[in-house]
Amino acid sequence: MAVKPFWETKSLTEMSRKEWESLCDGCAKCCLHKLEDEETLEIFYTRVVCRYLDEEKCNCTVYKERKNLVPDCVILTPKNLEDLEWMPGTCSYRLIKEGKPLPDWHPLLSGNRDAIIASDHTVTGKVISEDFVHEDGYEEHIIDWAGDDEELI
């Protein structure tokens, strides 16, 4: 009898810190700046990313200090999971919360980070740092490849 992986047997709130961190697929889509329509509350993703994102590695260069350096940075925790509607449909935390399986390219299933890169589900090569875009110009950088496209999974 095969043992089920932790993400299939535990809720997000039951996971250890190590399990929680390993659930992140490393796509870096959460680092994209988003715009919200004040009337409809619709979220629009932009290709503008946080200045601290290493685009090639898809990780934060100041991970431990990110909240101090970027006060608006949202640190995902089991306590704020109800606010995941703004996360992309391919986000592992969102998928698990919604009772959906992880995609085949997820590092926990593929065994390496190369699969997600090969699947083209990261921001690598598609983004621009906020250092080069004025905040009033974010609308010019709205994209449609980072949202809820379930076909990507």
# chains A, B, ... in the order shown; residues from 1 in each chain; ligands from 1
>>> closest_atom_pairs(of="stretch 24-137 of chain A", to="stretch 4-10 of chain A", cutoff="12 Å", atoms="only C-alpha atoms", output="Markdown table")
| residue | atom | partner | partner_atom | distance |
| --- | --- | --- | --- | --- |
| A:Cys24 | CA | A:Trp7 | CA | 11.5 |
| A:Ser92 | CA | A:Trp7 | CA | 9.8 |
| A:Tyr93 | CA | A:Trp7 | CA | 9.8 |
| A:Leu95 | CA | A:Trp7 | CA | 10.4 |
| A:Ile96 | CA | A:Trp7 | CA | 7.2 |
| A:Lys97 | CA | A:Trp7 | CA | 10.0 |
| A:Glu98 | CA | A:Glu8 | CA | 11.9 |
| A:Gly99 | CA | A:Glu8 | CA | 8.9 |
| A:Lys100 | CA | A:Glu8 | CA | 9.6 |
| A:Pro101 | CA | A:Glu8 | CA | 8.3 |
| A:Leu102 | CA | A:Trp7 | CA | 8.9 |
| A:Leu108 | CA | A:Pro5 | CA | 9.2 |
| A:Leu109 | CA | A:Pro5 | CA | 9.6 |
>>> select_by_dssp(residues="stretch 5-138 of chain A", states="strand (DSSP E)", output="ChimeraX atom specification")
/A:32-36,43-49,53-54,59-60,128-129
>>> residues_around(residues="A:Val74", least_positions_apart="2", cutoff="12 Å", atoms="only C-alpha atoms", output="VMD selection string")
chain A and resid 30 to 33 50 63 66 to 72 76 to 77 79 to 81 83 to 84 86 to 87
>>> write_last_selection(atoms="C-alpha atoms", output="short mmCIF file (atom, residue, chain, number, x, y, z; two decimals), in the first residue's frame")
data_model
loop_
_atom_site.label_atom_id
_atom_site.label_comp_id
_atom_site.auth_asym_id
_atom_site.auth_seq_id
_atom_site.Cartn_x
_atom_site.Cartn_y
_atom_site.Cartn_z
CA CYS A 30 2.96 36.06 -6.28
CA CYS A 31 5.74 38.65 -6.75
CA LEU A 32 3.92 40.23 -9.70
CA HIS A 33 2.36 43.59 -8.93
CA CYS A 50 9.26 43.35 -6.89
CA TYR A 63 13.46 36.50 1.88
CA ARG A 66 11.08 40.96 2.88
CA LYS A 67 8.31 42.26 5.13
CA ASN A 68 10.57 44.96 6.59
CA LEU A 69 11.84 46.07 3.19
CA VAL A 70 8.49 45.75 1.40
CA PRO A 71 5.69 46.48 3.87
CA ASP A 72 3.03 45.53 1.29
CA LEU A 76 1.36 33.51 3.08
CA THR A 77 0.45 31.68 6.25
CA LYS A 79 -3.97 32.20 8.96
CA ASN A 80 -4.45 34.27 5.81
CA LEU A 81 -5.46 31.50 3.40
CA ASP A 83 -7.45 35.81 1.16
CA LEU A 84 -5.95 33.69 -1.64
CA TRP A 86 -5.67 37.10 -5.73
CA MET A 87 -3.23 34.21 -6.08
#
>>> select_by_dssp(residues="stretch 10-112 of chain A", states="helix (DSSP H, G or I)", output="ChimeraX atom specification")
/A:12-14,17-23,29-31,63-69,78-86,92-97,107-110
>>> closest_residue(among="A:Ile142, A:Val127, A:Ala2, A:Cys91", to="A:Lys34", atoms="only C-alpha atoms")
A:Ile142
>>> decode(residues="stretch 22-61 of chain A", atoms="N, CA and C atoms", output="mmCIF file, in the first residue's frame")
data_model
loop_
_atom_site.group_PDB
_atom_site.id
_atom_site.type_symbol
_atom_site.label_atom_id
_atom_site.label_comp_id
_atom_site.auth_asym_id
_atom_site.auth_seq_id
_atom_site.Cartn_x
_atom_site.Cartn_y
_atom_site.Cartn_z
ATOM 1 N N SER A 22 7.899 23.798 1.352
ATOM 2 C CA SER A 22 8.143 22.936 0.193
ATOM 3 C C SER A 22 6.964 22.925 -0.773
ATOM 4 N N LEU A 23 5.809 23.342 -0.308
ATOM 5 C CA LEU A 23 4.633 23.374 -1.160
ATOM 6 C C LEU A 23 4.723 24.459 -2.237
ATOM 7 N N CYS A 24 5.494 25.493 -1.980
ATOM 8 C CA CYS A 24 5.669 26.555 -2.973
ATOM 9 C C CYS A 24 6.371 25.978 -4.199
ATOM 10 N N ASP A 25 5.786 26.193 -5.382
ATOM 11 C CA ASP A 25 6.397 25.654 -6.598
ATOM 12 C C ASP A 25 7.497 26.535 -7.162
ATOM 13 N N GLY A 26 7.636 27.756 -6.648
ATOM 14 C CA GLY A 26 8.702 28.633 -7.091
ATOM 15 C C GLY A 26 8.414 29.352 -8.395
ATOM 16 N N CYS A 27 7.160 29.569 -8.722
ATOM 17 C CA CYS A 27 6.822 30.247 -9.979
ATOM 18 C C CYS A 27 7.071 31.745 -9.917
ATOM 19 N N ALA A 28 6.997 32.324 -8.715
ATOM 20 C CA ALA A 28 7.190 33.753 -8.445
ATOM 21 C C ALA A 28 6.052 34.628 -8.964
ATOM 22 N N LYS A 29 4.929 34.032 -9.318
ATOM 23 C CA LYS A 29 3.790 34.826 -9.767
ATOM 24 C C LYS A 29 3.217 35.685 -8.633
ATOM 25 N N CYS A 30 3.442 35.265 -7.406
ATOM 26 C CA CYS A 30 2.962 36.059 -6.278
ATOM 27 C C CYS A 30 3.752 37.369 -6.153
ATOM 28 N N CYS A 31 4.908 37.442 -6.797
ATOM 29 C CA CYS A 31 5.737 38.648 -6.752
ATOM 30 C C CYS A 31 5.360 39.656 -7.831
ATOM 31 N N LEU A 32 4.406 39.305 -8.683
ATOM 32 C CA LEU A 32 3.920 40.231 -9.698
ATOM 33 C C LEU A 32 3.079 41.305 -9.017
ATOM 34 N N HIS A 33 3.232 42.533 -9.443
ATOM 35 C CA HIS A 33 2.360 43.593 -8.935
ATOM 36 C C HIS A 33 0.985 43.420 -9.565
ATOM 37 N N LYS A 34 -0.020 43.616 -8.744
ATOM 38 C CA LYS A 34 -1.394 43.448 -9.187
ATOM 39 C C LYS A 34 -2.144 44.761 -9.025
ATOM 40 N N LEU A 35 -3.128 44.957 -9.871
ATOM 41 C CA LEU A 35 -4.000 46.118 -9.790
ATOM 42 C C LEU A 35 -5.412 45.626 -9.536
ATOM 43 N N GLU A 36 -6.167 46.383 -8.753
ATOM 44 C CA GLU A 36 -7.546 46.009 -8.468
ATOM 45 C C GLU A 36 -8.487 47.095 -8.971
ATOM 46 N N ASP A 37 -9.482 46.686 -9.739
ATOM 47 C CA ASP A 37 -10.511 47.613 -10.186
ATOM 48 C C ASP A 37 -11.368 47.942 -8.964
ATOM 49 N N GLU A 38 -11.421 49.216 -8.608
ATOM 50 C CA GLU A 38 -12.131 49.616 -7.388
ATOM 51 C C GLU A 38 -13.630 49.363 -7.462
ATOM 52 N N GLU A 39 -14.187 49.370 -8.662
ATOM 53 C CA GLU A 39 -15.628 49.155 -8.809
ATOM 54 C C GLU A 39 -15.996 47.682 -8.830
ATOM 55 N N THR A 40 -15.264 46.885 -9.605
ATOM 56 C CA THR A 40 -15.609 45.472 -9.757
ATOM 57 C C THR A 40 -14.815 44.560 -8.824
ATOM 58 N N LEU A 41 -13.749 45.077 -8.232
ATOM 59 C CA LEU A 41 -12.816 44.343 -7.374
ATOM 60 C C LEU A 41 -12.038 43.275 -8.147
ATOM 61 N N GLU A 42 -12.098 43.338 -9.472
ATOM 62 C CA GLU A 42 -11.352 42.395 -10.306
ATOM 63 C C GLU A 42 -9.853 42.674 -10.178
ATOM 64 N N ILE A 43 -9.082 41.600 -10.117
ATOM 65 C CA ILE A 43 -7.632 41.699 -9.997
ATOM 66 C C ILE A 43 -6.994 41.548 -11.372
ATOM 67 N N PHE A 44 -6.051 42.428 -11.669
ATOM 68 C CA PHE A 44 -5.298 42.378 -12.910
ATOM 69 C C PHE A 44 -3.825 42.219 -12.572
ATOM 70 N N TYR A 45 -3.201 41.222 -13.175
ATOM 71 C CA TYR A 45 -1.772 41.000 -12.980
ATOM 72 C C TYR A 45 -0.994 41.876 -13.953
ATOM 73 N N THR A 46 0.146 42.361 -13.484
ATOM 74 C CA THR A 46 1.053 43.087 -14.364
ATOM 75 C C THR A 46 2.345 42.279 -14.480
ATOM 76 N N ARG A 47 3.157 42.621 -15.448
ATOM 77 C CA ARG A 47 4.445 41.945 -15.591
ATOM 78 C C ARG A 47 5.518 42.641 -14.757
ATOM 79 N N VAL A 48 5.112 43.566 -13.926
ATOM 80 C CA VAL A 48 6.032 44.294 -13.046
ATOM 81 C C VAL A 48 6.231 43.474 -11.775
ATOM 82 N N VAL A 49 7.491 43.238 -11.421
ATOM 83 C CA VAL A 49 7.801 42.445 -10.227
ATOM 84 C C VAL A 49 8.556 43.263 -9.189
ATOM 85 N N CYS A 50 8.526 42.760 -8.006
ATOM 86 C CA CYS A 50 9.261 43.345 -6.891
ATOM 87 C C CYS A 50 10.748 43.438 -7.246
ATOM 88 N N ARG A 51 11.363 44.520 -6.818
ATOM 89 C CA ARG A 51 12.797 44.743 -7.094
ATOM 90 C C ARG A 51 13.695 43.677 -6.478
ATOM 91 N N TYR A 52 13.197 42.953 -5.501
ATOM 92 C CA TYR A 52 14.017 41.954 -4.814
ATOM 93 C C TYR A 52 13.886 40.544 -5.394
ATOM 94 N N LEU A 53 13.131 40.413 -6.477
ATOM 95 C CA LEU A 53 12.982 39.099 -7.087
ATOM 96 C C LEU A 53 14.174 38.797 -7.986
ATOM 97 N N ASP A 54 14.774 37.643 -7.785
ATOM 98 C CA ASP A 54 15.787 37.131 -8.702
ATOM 99 C C ASP A 54 15.006 36.396 -9.790
ATOM 100 N N GLU A 55 14.876 37.020 -10.931
ATOM 101 C CA GLU A 55 14.024 36.496 -12.002
ATOM 102 C C GLU A 55 14.476 35.127 -12.501
ATOM 103 N N GLU A 56 15.755 34.900 -12.579
ATOM 104 C CA GLU A 56 16.265 33.618 -13.081
ATOM 105 C C GLU A 56 15.994 32.469 -12.112
ATOM 106 N N LYS A 57 16.186 32.715 -10.826
ATOM 107 C CA LYS A 57 15.978 31.676 -9.815
ATOM 108 C C LYS A 57 14.556 31.665 -9.266
ATOM 109 N N CYS A 58 13.793 32.717 -9.589
ATOM 110 C CA CYS A 58 12.411 32.868 -9.102
ATOM 111 C C CYS A 58 12.340 32.800 -7.584
ATOM 112 N N ASN A 59 13.230 33.525 -6.947
ATOM 113 C CA ASN A 59 13.141 33.605 -5.488
ATOM 114 C C ASN A 59 13.493 35.003 -5.014
ATOM 115 N N CYS A 60 13.114 35.272 -3.801
ATOM 116 C CA CYS A 60 13.333 36.569 -3.185
ATOM 117 C C CYS A 60 14.775 36.650 -2.674
ATOM 118 N N THR A 61 15.452 37.719 -3.038
ATOM 119 C CA THR A 61 16.840 37.890 -2.614
ATOM 120 C C THR A 61 16.952 38.385 -1.174
#
